[in-house]
>>> print(open('my_file13.pdb').read())   # PDB, C-alpha atoms and all ligand atoms
ATOM      1  CA  MET A   1      19.432 -42.750 -11.186
ATOM      2  CA  SER A   2      18.861 -39.514  -9.357
ATOM      3  CA  THR A   3      21.325 -38.425  -6.710
ATOM      4  CA  PRO A   4      20.003 -38.368  -3.137
ATOM      5  CA  GLN A   5      18.670 -34.996  -2.054
ATOM      6  CA  THR A   6      20.898 -32.856   0.146
ATOM      7  CA  ASN A   7      19.057 -31.142   2.990
ATOM      8  CA  PHE A   8      20.138 -28.427   5.430
ATOM      9  CA  ILE A   9      19.676 -27.888   9.153
ATOM     10  CA  GLY A  10      19.278 -24.574  10.941
ATOM     11  CA  VAL A  11      19.302 -24.115  14.712
ATOM     12  CA  TYR A  12      18.339 -21.014  16.666
ATOM     13  CA  VAL A  13      19.870 -21.006  20.130
ATOM     14  CA  SER A  14      18.324 -18.521  22.522
ATOM     15  CA  GLY A  15      18.295 -18.694  26.281
ATOM     16  CA  THR A  16      17.493 -22.229  27.362
ATOM     17  CA  GLN A  17      15.937 -23.240  24.062
ATOM     18  CA  ALA A  18      17.192 -24.530  20.738
ATOM     19  CA  ARG A  19      14.764 -24.404  17.852
ATOM     20  CA  ALA A  20      15.876 -26.490  14.904
ATOM     21  CA  ALA A  21      14.590 -26.869  11.358
ATOM     22  CA  LEU A  22      15.353 -29.398   8.639
ATOM     23  CA  VAL A  23      14.797 -27.858   5.213
ATOM     24  CA  ASP A  24      15.241 -29.119   1.681
ATOM     25  CA  SER A  25      17.541 -27.419  -0.823
ATOM     26  CA  GLU A  26      14.699 -25.051  -1.820
ATOM     27  CA  GLY A  27      14.106 -23.946   1.757
ATOM     28  CA  SER A  28      10.847 -25.836   2.335
ATOM     29  CA  LEU A  29      10.452 -26.896   5.935
ATOM     30  CA  ILE A  30      10.526 -30.674   6.313
ATOM     31  CA  GLN A  31      10.550 -30.920  10.085
ATOM     32  CA  SER A  32      11.155 -28.688  13.075
ATOM     33  CA  GLN A  33      12.030 -29.466  16.650
ATOM     34  CA  VAL A  34      12.383 -27.583  19.919
ATOM     35  CA  ALA A  35      14.708 -28.773  22.676
ATOM     36  CA  GLU A  36      15.718 -27.455  26.060
ATOM     37  CA  VAL A  37      19.431 -26.707  26.347
ATOM     38  CA  THR A  38      21.730 -25.817  29.205
ATOM     39  CA  PRO A  39      24.807 -23.614  28.733
ATOM     40  CA  LYS A  40      27.213 -26.246  30.112
ATOM     41  CA  GLU A  41      25.990 -29.102  27.914
ATOM     42  CA  LEU A  42      25.230 -26.977  24.866
ATOM     43  CA  ILE A  43      27.521 -28.684  22.327
ATOM     44  CA  PRO A  44      26.439 -32.315  22.968
ATOM     45  CA  GLN A  45      22.800 -31.178  23.252
ATOM     46  CA  LEU A  46      22.931 -29.341  19.907
ATOM     47  CA  ALA A  47      24.702 -32.306  18.333
ATOM     48  CA  ALA A  48      21.868 -34.565  19.573
ATOM     49  CA  VAL A  49      19.182 -32.258  18.120
ATOM     50  CA  ILE A  50      21.027 -32.192  14.792
ATOM     51  CA  GLU A  51      21.443 -35.983  14.800
ATOM     52  CA  GLY A  52      17.715 -36.361  15.551
ATOM     53  CA  LEU A  53      16.822 -34.393  12.407
ATOM     54  CA  ARG A  54      19.591 -35.890  10.282
ATOM     55  CA  ARG A  55      18.607 -39.568  10.599
ATOM     56  CA  GLY A  56      21.137 -40.776   8.072
ATOM     57  CA  GLN A  57      20.204 -38.195   5.424
ATOM     58  CA  SER A  58      22.762 -36.192   3.490
ATOM     59  CA  ILE A  59      23.147 -32.802   5.224
ATOM     60  CA  GLY A  60      25.003 -30.122   3.255
ATOM     61  CA  ALA A  61      25.623 -27.736   6.145
ATOM     62  CA  ILE A  62      24.332 -26.532   9.503
ATOM     63  CA  GLY A  63      23.454 -22.916  10.188
ATOM     64  CA  VAL A  64      23.390 -21.678  13.773
ATOM     65  CA  ALA A  65      21.632 -18.440  14.710
ATOM     66  CA  ILE A  66      22.498 -16.829  18.037
ATOM     67  CA  PRO A  67      21.323 -13.670  19.826
ATOM     68  CA  GLY A  68      24.728 -12.036  19.595
ATOM     69  CA  LEU A  69      27.056 -10.502  17.066
ATOM     70  CA  VAL A  70      29.094 -12.789  14.861
ATOM     71  CA  ASN A  71      32.294 -11.877  13.120
ATOM     72  CA  ARG A  72      31.969 -13.894   9.904
ATOM     73  CA  GLN A  73      35.660 -13.508   9.074
ATOM     74  CA  THR A  74      36.755 -15.263  12.275
ATOM     75  CA  ASP A  75      33.518 -17.219  13.013
ATOM     76  CA  ARG A  76      33.771 -15.899  16.570
ATOM     77  CA  VAL A  77      30.919 -14.521  18.629
ATOM     78  CA  ILE A  78      31.137 -11.040  20.066
ATOM     79  CA  ALA A  79      28.553 -10.801  22.791
ATOM     80  CA  PRO A  80      27.277  -7.608  24.317
ATOM     81  CA  ARG A  81      24.655  -9.627  26.173
ATOM     82  CA  ASP A  82      24.941 -12.507  28.609
ATOM     83  CA  LEU A  83      25.895 -15.381  26.393
ATOM     84  CA  PRO A  84      27.435 -18.470  28.030
ATOM     85  CA  PRO A  85      31.112 -19.353  27.420
ATOM     86  CA  THR A  86      30.100 -22.418  25.342
ATOM     87  CA  ILE A  87      28.813 -19.914  22.759
ATOM     88  CA  THR A  88      31.467 -17.243  23.062
ATOM     89  CA  SER A  89      34.542 -19.508  23.210
ATOM     90  CA  ASN A  90      34.413 -21.576  20.012
ATOM     91  CA  LEU A  91      30.862 -22.699  19.179
ATOM     92  CA  HIS A  92      31.702 -22.895  15.478
ATOM     93  CA  GLY A  93      34.706 -25.229  15.808
ATOM     94  CA  ASP A  94      33.214 -27.306  18.632
ATOM     95  CA  LEU A  95      30.010 -27.945  16.698
ATOM     96  CA  MET A  96      31.825 -28.950  13.509
ATOM     97  CA  ARG A  97      33.946 -31.392  15.532
ATOM     98  CA  ALA A  98      30.880 -32.822  17.285
ATOM     99  CA  THR A  99      28.806 -33.303  14.112
ATOM    100  CA  GLY A 100      31.350 -33.664  11.302
ATOM    101  CA  ILE A 101      29.269 -31.226   9.226
ATOM    102  CA  ARG A 102      30.248 -27.767   7.981
ATOM    103  CA  ALA A 103      28.696 -25.125  10.241
ATOM    104  CA  GLU A 104      28.030 -21.407   9.760
ATOM    105  CA  LEU A 105      27.237 -18.984  12.584
ATOM    106  CA  GLU A 106      25.032 -15.958  12.143
ATOM    107  CA  ASN A 107      23.309 -13.303  14.214
ATOM    108  CA  ASP A 108      19.649 -14.235  14.855
ATOM    109  CA  ALA A 109      18.150 -11.169  13.174
ATOM    110  CA  ASN A 110      20.333 -11.712  10.092
ATOM    111  CA  ALA A 111      19.241 -15.346   9.922
ATOM    112  CA  ALA A 112      15.536 -14.524  10.378
ATOM    113  CA  ALA A 113      15.800 -11.800   7.712
ATOM    114  CA  TYR A 114      17.293 -14.274   5.274
ATOM    115  CA  GLY A 115      14.553 -16.820   6.006
ATOM    116  CA  GLU A 116      11.804 -14.240   5.412
ATOM    117  CA  PHE A 117      13.617 -13.008   2.300
ATOM    118  CA  LYS A 118      13.919 -16.457   0.731
ATOM    119  CA  VAL A 119      10.688 -18.195   1.729
ATOM    120  CA  GLY A 120       8.580 -15.748   3.796
ATOM    121  CA  ALA A 121       7.223 -12.182   3.697
ATOM    122  CA  GLY A 122      10.252 -10.907   1.780
ATOM    123  CA  ARG A 123       9.787 -13.136  -1.249
ATOM    124  CA  GLY A 124       9.966 -11.264  -4.517
ATOM    125  CA  ALA A 125      11.833  -8.251  -3.100
ATOM    126  CA  ARG A 126      15.443  -7.543  -4.067
ATOM    127  CA  ASN A 127      16.020  -5.139  -1.182
ATOM    128  CA  LEU A 128      14.549  -5.330   2.275
ATOM    129  CA  PHE A 129      15.025  -4.343   5.858
ATOM    130  CA  TYR A 130      13.980  -6.809   8.535
ATOM    131  CA  MET A 131      13.295  -5.986  12.164
ATOM    132  CA  MET A 132      13.016  -8.573  14.938
ATOM    133  CA  ILE A 133      11.132  -7.008  17.831
ATOM    134  CA  GLY A 134      11.107  -9.291  20.863
ATOM    135  CA  ASN A 135      13.156  -9.386  24.055
ATOM    136  CA  GLY A 136      15.611  -7.192  22.201
ATOM    137  CA  ILE A 137      15.349  -5.412  18.878
ATOM    138  CA  GLY A 138      17.551  -6.543  16.025
ATOM    139  CA  GLY A 139      17.598  -5.719  12.371
ATOM    140  CA  ALA A 140      19.129  -6.850   9.120
ATOM    141  CA  ILE A 141      19.610  -5.466   5.650
ATOM    142  CA  ILE A 142      19.283  -7.358   2.384
ATOM    143  CA  LEU A 143      20.595  -5.412  -0.573
ATOM    144  CA  ASP A 144      20.417  -6.625  -4.138
ATOM    145  CA  GLY A 145      19.481 -10.118  -2.979
ATOM    146  CA  LYS A 146      22.285 -10.520  -0.441
ATOM    147  CA  LEU A 147      22.597 -10.064   3.286
ATOM    148  CA  TRP A 148      24.587  -6.875   3.764
ATOM    149  CA  THR A 149      26.332  -7.180   7.104
ATOM    150  CA  GLY A 150      28.516  -4.087   6.994
ATOM    151  CA  ALA A 151      32.241  -3.523   7.370
ATOM    152  CA  SER A 152      32.687  -6.107  10.118
ATOM    153  CA  GLY A 153      29.403  -8.005  10.273
ATOM    154  CA  PHE A 154      27.317  -5.818  12.577
ATOM    155  CA  ALA A 155      25.060  -3.817  10.243
ATOM    156  CA  GLY A 156      21.355  -3.378  10.974
ATOM    157  CA  GLU A 157      21.430  -2.780  14.734
ATOM    158  CA  VAL A 158      18.255  -0.724  14.520
ATOM    159  CA  GLY A 159      17.390  -1.438  18.176
ATOM    160  CA  HIS A 160      20.207   0.882  19.157
ATOM    161  CA  ILE A 161      19.268   3.949  17.194
ATOM    162  CA  THR A 162      18.375   6.793  19.543
ATOM    163  CA  ILE A 163      14.664   7.561  19.894
ATOM    164  CA  ASP A 164      14.798   9.632  23.091
ATOM    165  CA  THR A 165      17.944  11.652  23.784
ATOM    166  CA  GLU A 166      16.894  11.953  27.441
ATOM    167  CA  GLY A 167      15.912   8.303  27.700
ATOM    168  CA  LEU A 168      16.943   5.371  29.840
ATOM    169  CA  GLN A 169      20.292   3.628  29.832
ATOM    170  CA  CYS A 170      20.445   0.793  27.291
ATOM    171  CA  VAL A 171      22.460  -2.461  27.520
ATOM    172  CA  CYS A 172      24.668  -1.093  24.725
ATOM    173  CA  GLY A 173      25.854   1.884  26.809
ATOM    174  CA  ASN A 174      23.846   4.521  24.927
ATOM    175  CA  THR A 175      20.689   6.080  26.382
ATOM    176  CA  GLY A 176      17.194   6.216  24.871
ATOM    177  CA  CYS A 177      17.669   3.482  22.257
ATOM    178  CA  LEU A 178      14.580   2.118  20.455
ATOM    179  CA  GLU A 179      15.111  -1.097  22.438
ATOM    180  CA  THR A 180      14.621   0.781  25.741
ATOM    181  CA  VAL A 181      11.022   1.654  24.796
ATOM    182  CA  ALA A 182       9.761  -0.929  22.305
ATOM    183  CA  SER A 183      11.220  -4.335  23.239
ATOM    184  CA  ALA A 184       8.903  -6.770  25.067
ATOM    185  CA  PRO A 185      10.440  -6.085  28.526
ATOM    186  CA  SER A 186      10.297  -2.319  27.827
ATOM    187  CA  ILE A 187       6.579  -2.521  27.019
ATOM    188  CA  VAL A 188       6.005  -4.220  30.378
ATOM    189  CA  ARG A 189       8.140  -1.626  32.194
ATOM    190  CA  ARG A 190       6.305   1.306  30.569
ATOM    191  CA  ALA A 191       2.915  -0.252  31.308
ATOM    192  CA  ARG A 192       3.862  -0.797  34.964
ATOM    193  CA  GLU A 193       5.140   2.748  35.385
ATOM    194  CA  ARG A 194       1.929   4.138  34.003
ATOM    195  CA  LEU A 195      -0.295   1.856  36.074
ATOM    196  CA  ASN A 196       1.539   3.129  39.158
ATOM    197  CA  ARG A 197       1.093   6.813  38.479
ATOM    198  CA  ASP A 198      -2.195   7.057  36.603
ATOM    199  CA  SER A 199      -5.328   6.174  38.560
ATOM    200  CA  THR A 200      -7.622   5.944  35.493
ATOM    201  CA  SER A 201      -5.448   3.113  34.164
ATOM    202  CA  SER A 202      -6.466   0.973  37.141
ATOM    203  CA  LEU A 203      -9.586   0.142  35.116
ATOM    204  CA  SER A 204      -7.289  -1.906  32.934
ATOM    205  CA  ARG A 205      -7.371  -5.661  33.398
ATOM    206  CA  LEU A 206      -3.577  -5.507  33.459
ATOM    207  CA  ALA A 207      -3.785  -3.949  36.928
ATOM    208  CA  LEU A 208      -5.193  -7.259  38.201
ATOM    209  CA  ASN A 209      -2.177  -9.263  37.115
ATOM    210  CA  LYS A 210       1.064  -8.451  38.957
ATOM    211  CA  SER A 211       3.333 -10.388  36.607
ATOM    212  CA  PHE A 212       1.902  -9.562  33.198
ATOM    213  CA  THR A 213       4.009  -9.922  30.055
ATOM    214  CA  ALA A 214       4.102  -8.041  26.753
ATOM    215  CA  GLU A 215       1.998 -10.895  25.366
ATOM    216  CA  ASP A 216      -0.658 -10.138  28.007
ATOM    217  CA  VAL A 217      -0.641  -6.461  26.996
ATOM    218  CA  ALA A 218      -1.286  -7.474  23.375
ATOM    219  CA  HIS A 219      -3.939  -9.964  24.429
ATOM    220  CA  GLN A 220      -5.817  -7.394  26.558
ATOM    221  CA  ALA A 221      -5.560  -4.850  23.738
ATOM    222  CA  ASN A 222      -7.208  -7.413  21.457
ATOM    223  CA  GLU A 223      -9.938  -7.889  24.070
ATOM    224  CA  GLY A 224     -10.729  -4.175  23.932
ATOM    225  CA  ASP A 225      -8.852  -2.962  27.036
ATOM    226  CA  ASP A 226      -8.273   0.781  26.358
ATOM    227  CA  PHE A 227      -5.147   1.100  28.464
ATOM    228  CA  ALA A 228      -3.489  -1.968  26.898
ATOM    229  CA  LEU A 229      -4.467  -0.693  23.451
ATOM    230  CA  MET A 230      -2.885   2.691  24.186
ATOM    231  CA  MET A 231       0.352   0.957  25.283
ATOM    232  CA  ILE A 232       0.455  -1.067  22.054
ATOM    233  CA  GLU A 233      -0.279   2.021  19.931
ATOM    234  CA  ARG A 234       2.468   4.031  21.623
ATOM    235  CA  THR A 235       4.882   1.163  21.097
ATOM    236  CA  GLY A 236       3.879   1.223  17.432
ATOM    237  CA  LYS A 237       4.695   4.944  17.301
ATOM    238  CA  TYR A 238       8.177   4.326  18.674
ATOM    239  CA  ILE A 239       8.821   1.507  16.205
ATOM    240  CA  GLY A 240       7.422   3.650  13.378
ATOM    241  CA  THR A 241       9.829   6.436  14.328
ATOM    242  CA  GLY A 242      12.710   3.981  13.936
ATOM    243  CA  VAL A 243      11.353   2.567  10.688
ATOM    244  CA  ALA A 244      10.978   6.086   9.232
ATOM    245  CA  SER A 245      14.714   6.655   9.730
ATOM    246  CA  VAL A 246      15.513   3.351   8.035
ATOM    247  CA  ILE A 247      13.321   4.264   5.065
ATOM    248  CA  ASN A 248      14.885   7.704   4.747
ATOM    249  CA  LEU A 249      18.355   6.213   4.855
ATOM    250  CA  LEU A 250      17.880   3.273   2.480
ATOM    251  CA  ASN A 251      14.858   4.051   0.251
ATOM    252  CA  ILE A 252      14.213   0.355   0.735
ATOM    253  CA  GLU A 253      11.621  -1.647  -1.207
ATOM    254  CA  ARG A 254      10.158  -3.609   1.692
ATOM    255  CA  ILE A 255      10.200  -3.563   5.509
ATOM    256  CA  VAL A 256       9.443  -6.904   7.166
ATOM    257  CA  LEU A 257       8.523  -6.731  10.854
ATOM    258  CA  GLY A 258       8.877  -9.875  12.961
ATOM    259  CA  GLY A 259       9.444 -11.015  16.534
ATOM    260  CA  GLY A 260       7.068 -11.641  19.443
ATOM    261  CA  VAL A 261       5.929  -8.002  19.806
ATOM    262  CA  MET A 262       4.456  -8.173  16.280
ATOM    263  CA  ASP A 263       2.095 -10.928  17.458
ATOM    264  CA  ALA A 264      -0.228  -8.014  18.348
ATOM    265  CA  GLY A 265      -0.979  -8.000  14.597
ATOM    266  CA  GLU A 266      -2.841  -5.086  13.018
ATOM    267  CA  LEU A 267      -3.137  -3.392  16.410
ATOM    268  CA  ILE A 268       0.572  -2.607  16.264
ATOM    269  CA  LEU A 269       1.166  -2.700  12.489
ATOM    270  CA  ASN A 270      -1.334   0.100  11.761
ATOM    271  CA  PRO A 271       0.148   2.649  14.221
ATOM    272  CA  ILE A 272       3.623   1.754  12.931
ATOM    273  CA  ILE A 273       2.573   2.521   9.343
ATOM    274  CA  GLN A 274       0.781   5.750  10.418
ATOM    275  CA  GLU A 275       3.887   6.969  12.245
ATOM    276  CA  VAL A 276       6.184   6.113   9.336
ATOM    277  CA  LYS A 277       3.850   8.006   7.003
ATOM    278  CA  ARG A 278       3.955  11.001   9.316
ATOM    279  CA  ARG A 279       7.735  11.047   9.686
ATOM    280  CA  ALA A 280       9.396   9.577   6.591
ATOM    281  CA  PHE A 281      10.318  11.534   3.496
ATOM    282  CA  GLN A 282       7.196  11.124   1.370
ATOM    283  CA  PRO A 283       8.755   9.715  -1.846
ATOM    284  CA  CYS A 284      10.621   7.150   0.257
ATOM    285  CA  PHE A 285       7.466   6.194   2.162
ATOM    286  CA  GLU A 286       5.493   5.710  -1.051
ATOM    287  CA  ALA A 287       8.146   3.374  -2.453
ATOM    288  CA  THR A 288       8.115   1.096   0.597
ATOM    289  CA  GLU A 289       5.858  -1.788   1.514
ATOM    290  CA  ILE A 290       5.631  -2.385   5.295
ATOM    291  CA  VAL A 291       4.513  -5.924   6.111
ATOM    292  CA  ALA A 292       4.400  -8.394   8.991
ATOM    293  CA  ALA A 293       6.759 -11.363   8.916
ATOM    294  CA  LYS A 294       5.314 -14.750   7.926
ATOM    295  CA  LEU A 295       7.541 -17.490   9.301
ATOM    296  CA  GLY A 296       7.093 -16.818  13.020
ATOM    297  CA  LEU A 297       9.582 -18.601  15.270
ATOM    298  CA  ASP A 298      10.844 -20.717  12.369
ATOM    299  CA  ALA A 299      12.305 -17.673  10.555
ATOM    300  CA  ALA A 300      15.688 -17.826  12.326
ATOM    301  CA  PRO A 301      16.312 -21.597  12.030
ATOM    302  CA  ILE A 302      15.101 -21.707   8.386
ATOM    303  CA  GLY A 303      17.169 -18.626   7.545
ATOM    304  CA  ALA A 304      20.249 -20.044   9.297
ATOM    305  CA  ALA A 305      19.923 -23.253   7.249
ATOM    306  CA  LEU A 306      19.627 -21.268   4.002
ATOM    307  CA  LEU A 307      22.554 -19.001   4.889
ATOM    308  CA  ALA A 308      24.622 -22.128   5.478
ATOM    309  CA  ARG A 309      23.409 -23.494   2.116
ATOM    310  CA  ASP A 310      24.416 -20.268   0.349
ATOM    311  CA  ALA A 311      27.618 -19.535   2.316
ATOM    312  CA  ASN A 312      29.882 -20.865  -0.415
ATOM    313  CA  ALA A 313      27.884 -19.350  -3.242
ATOM    314  CA  ASN A 314      27.989 -15.780  -1.912
TER     315      ASN A 314
HETATM  316 ZN    ZN A 401      21.196   0.495  22.840
END
>>> encode(input="my_file13.pdb", output="structure tokens")
Amino acid sequence: MSTPQTNFIGVYVSGTQARAALVDSEGSLIQSQVAEVTPKELIPQLAAVIEGLRRGQSIGAIGVAIPGLVNRQTDRVIAPRDLPPTITSNLHGDLMRATGIRAELENDANAAAYGEFKVGAGRGARNLFYMMIGNGIGGAIILDGKLWTGASGFAGEVGHITIDTEGLQCVCGNTGCLETVASAPSIVRRARERLNRDSTSSLSRLALNKSFTAEDVAHQANEGDDFALMMIERTGKYIGTGVASVINLLNIERIVLGGGVMDAGELILNPIIQEVKRRAFQPCFEATEIVAAKLGLDAAPIGAALLARDANAN
């Protein structure tokens, strides 16, 4: 008789949404689910999502990805951003009590990197750098097949490398971080500023929509709107500048670029690669493959589940 299969659950909690994935022991997605959550009721709501996927099956562990920094030694969350107290107080302990299953917490970019590494665009590489470019910009490093989280768990914060020494104040306290020019809200801010001061840009369809998003900028660029295309290309240059530094520092085998901003596809990937080529040390550039992520929004929950699976092995 064969033993029953043990599966794993990963949950990505961001804002008012929890995105959960049930995966088998090889990391194949069995089922995913999205639920609305509220900060106050977070623990019972997460427990309900997990129970909904569990349905009496054997679950080896739960991985939880959050948009904050996690100290893996203490399993506590250190939050530079506005995370609710249900996350920052004792999410790890509360969730284990509520579900009776071992839980592991991880930063969202680390989790997404691990998902791409194991079953997505990072497959086959031993070393990779992952960037998640969305509302913020996160990054993660996989060295010799393992997530390398640094001295205290915070490695890979590529969104906070300085791109413009005279730039705007960032949430981290520094000025001119990559995140202040290339995150989704920063793309919208830059586009607005330019629409306000440059009369030729009023030809852009974006000028007709007062509350456009970064997604709209990408969409209009795809539709052939010159102004939107220029905004996407400039964003690509900023990201490429950051990626060039990563390549010079790590001589890494593969760069995987994910997050909502990368939904612009080739329109943003090509200027990124051009800028990296222009700026990176040539032998490092030639040794690196720069690719778009493959798992989309499931990267973080799948990666969190696999990190939980491998937590005891590593
Ligand atoms: Zn910063």
>>> residues_near_ligand(input="my_file13.pdb", ligand="ligand ZN 401 (chain A)", cutoff="9 Å", atoms="only C-alpha atoms and all ligand atoms", output="ChimeraX atom specification")
/A:157-162,169-180
>>> write_last_selection(input="my_file13.pdb", atoms="C-alpha atoms", output="short mmCIF file (atom, residue, chain, number, x, y, z; two decimals), keeping the file's coordinate frame")
data_model
loop_
_atom_site.label_atom_id
_atom_site.label_comp_id
_atom_site.auth_asym_id
_atom_site.auth_seq_id
_atom_site.Cartn_x
_atom_site.Cartn_y
_atom_site.Cartn_z
CA GLU A 157 21.43 -2.78 14.73
CA VAL A 158 18.26 -0.72 14.52
CA GLY A 159 17.39 -1.44 18.18
CA HIS A 160 20.21 0.88 19.16
CA ILE A 161 19.27 3.95 17.19
CA THR A 162 18.38 6.79 19.54
CA GLN A 169 20.29 3.63 29.83
CA CYS A 170 20.44 0.79 27.29
CA VAL A 171 22.46 -2.46 27.52
CA CYS A 172 24.67 -1.09 24.72
CA GLY A 173 25.85 1.88 26.81
CA ASN A 174 23.85 4.52 24.93
CA THR A 175 20.69 6.08 26.38
CA GLY A 176 17.19 6.22 24.87
CA CYS A 177 17.67 3.48 22.26
CA LEU A 178 14.58 2.12 20.45
CA GLU A 179 15.11 -1.10 22.44
CA THR A 180 14.62 0.78 25.74
#
>>> resolve_selection(input="my_file13.pdb", expression="the PyMOL selection byres (((chain A and resi 283) around 12) and not hetatm)", output="list of chain:residue names")
A:Ala244, A:Ile247, A:Asn248, A:Leu250, A:Asn251, A:Ile252, A:Glu253, A:Lys277, A:Arg279, A:Ala280, A:Phe281, A:Gln282, A:Cys284, A:Phe285, A:Glu286, A:Ala287, A:Thr288
>>> resolve_selection(input="my_file13.pdb", expression="the PyMOL selection byres (((chain A and resi 101) around 9) and not hetatm)", output="number ranges by chain")
A: 59-62, 95-100, 102-103
>>> resolve_selection(input="my_file13.pdb", expression="the PyMOL selection byres (((chain A and resi 29) around 12) and not hetatm)", output="VMD selection string")
chain A and resid 7 to 10 20 to 28 30 to 33 53 115 119 to 120 295 298 to 299 301 to 303 305 to 306
>>> atom_distance(input="my_file13.pdb", atom1="CA of Ala300 in chain A", atom2="CA of Leu229 in chain A")
28.7 Å
>>> closest_residue(input="my_file13.pdb", among="A:Leu91, A:Val181, A:Leu203, A:Leu168", to="Ala47 in chain A", atoms="only C-alpha atoms")
A:Leu91
>>> atom_distance(input="my_file13.pdb", atom1="CA of Val291 in chain A", atom2="CA of Leu69 in chain A")
25.5 Å
>>> closest_residue(input="my_file13.pdb", among="A:Leu143, A:Ile163, A:Ala304, A:Ile66", to="Ser245 in chain A", atoms="only C-alpha atoms")
A:Ile163
>>> atom_distance(input="my_file13.pdb", atom1="CA of Val11 in chain A", atom2="CA of Ala155 in chain A")
21.6 Å
>>> closest_residue(input="my_file13.pdb", among="A:Thr213, A:Ser14, A:Ile137, A:Phe227", to="Leu297 in chain A", atoms="all atoms listed in the file")
A:Ser14
>>> residues_around(input="my_file13.pdb", residues="range 107-110 of chain A", least_positions_apart="6", cutoff="7 Å", atoms="all atoms listed in the file", output="VMD selection string")
chain A and resid 65 to 70 132 138 to 140 300
>>> residues_around(input="my_file13.pdb", residues="Pro271 in chain A", least_positions_apart="2", cutoff="10 Å", atoms="only C-alpha atoms", output="ChimeraX atom specification")
/A:232-240,266-269,273-277
>>> residues_around(input="my_file13.pdb", residues="Glu223 in chain A", least_positions_apart="5", cutoff="12 Å", atoms="only C-alpha atoms", output="JSON, numbers by chain")
{"A": [204, 205, 206, 216, 217, 218, 228, 229, 264, 267]}
>>> write_last_selection(input="my_file13.pdb", atoms="C-alpha atoms", output="mmCIF file, in the coordinates of the input")
data_model
loop_
_atom_site.group_PDB
_atom_site.id
_atom_site.type_symbol
_atom_site.label_atom_id
_atom_site.label_comp_id
_atom_site.auth_asym_id
_atom_site.auth_seq_id
_atom_site.Cartn_x
_atom_site.Cartn_y
_atom_site.Cartn_z
ATOM 1 C CA SER A 204 -7.289 -1.906 32.934
ATOM 2 C CA ARG A 205 -7.371 -5.661 33.398
ATOM 3 C CA LEU A 206 -3.577 -5.507 33.459
ATOM 4 C CA ASP A 216 -0.658 -10.138 28.007
ATOM 5 C CA VAL A 217 -0.641 -6.461 26.996
ATOM 6 C CA ALA A 218 -1.286 -7.474 23.375
ATOM 7 C CA ALA A 228 -3.489 -1.968 26.898
ATOM 8 C CA LEU A 229 -4.467 -0.693 23.451
ATOM 9 C CA ALA A 264 -0.228 -8.014 18.348
ATOM 10 C CA LEU A 267 -3.137 -3.392 16.410
#
>>> residues_near_point(input="my_file13.pdb", point="(13.6, -10.9, 5.8)", cutoff="9 Å", atoms="all atoms listed in the file", output="ChimeraX atom specification")
/A:109-123,128-131,140-142,255-258,293,299,303
>>> closest_residue(input="my_file13.pdb", among="A:Ile43, A:Gly56, A:Gly63, A:Val37", to="Leu307 in chain A", atoms="only C-alpha atoms")
A:Gly63
>>> residues_around(input="my_file13.pdb", residues="Gly145 in chain A", least_positions_apart="6", cutoff="8 Å", atoms="all atoms listed in the file", output="list in words")
Ala125, Arg126 and Asn127 of chain A
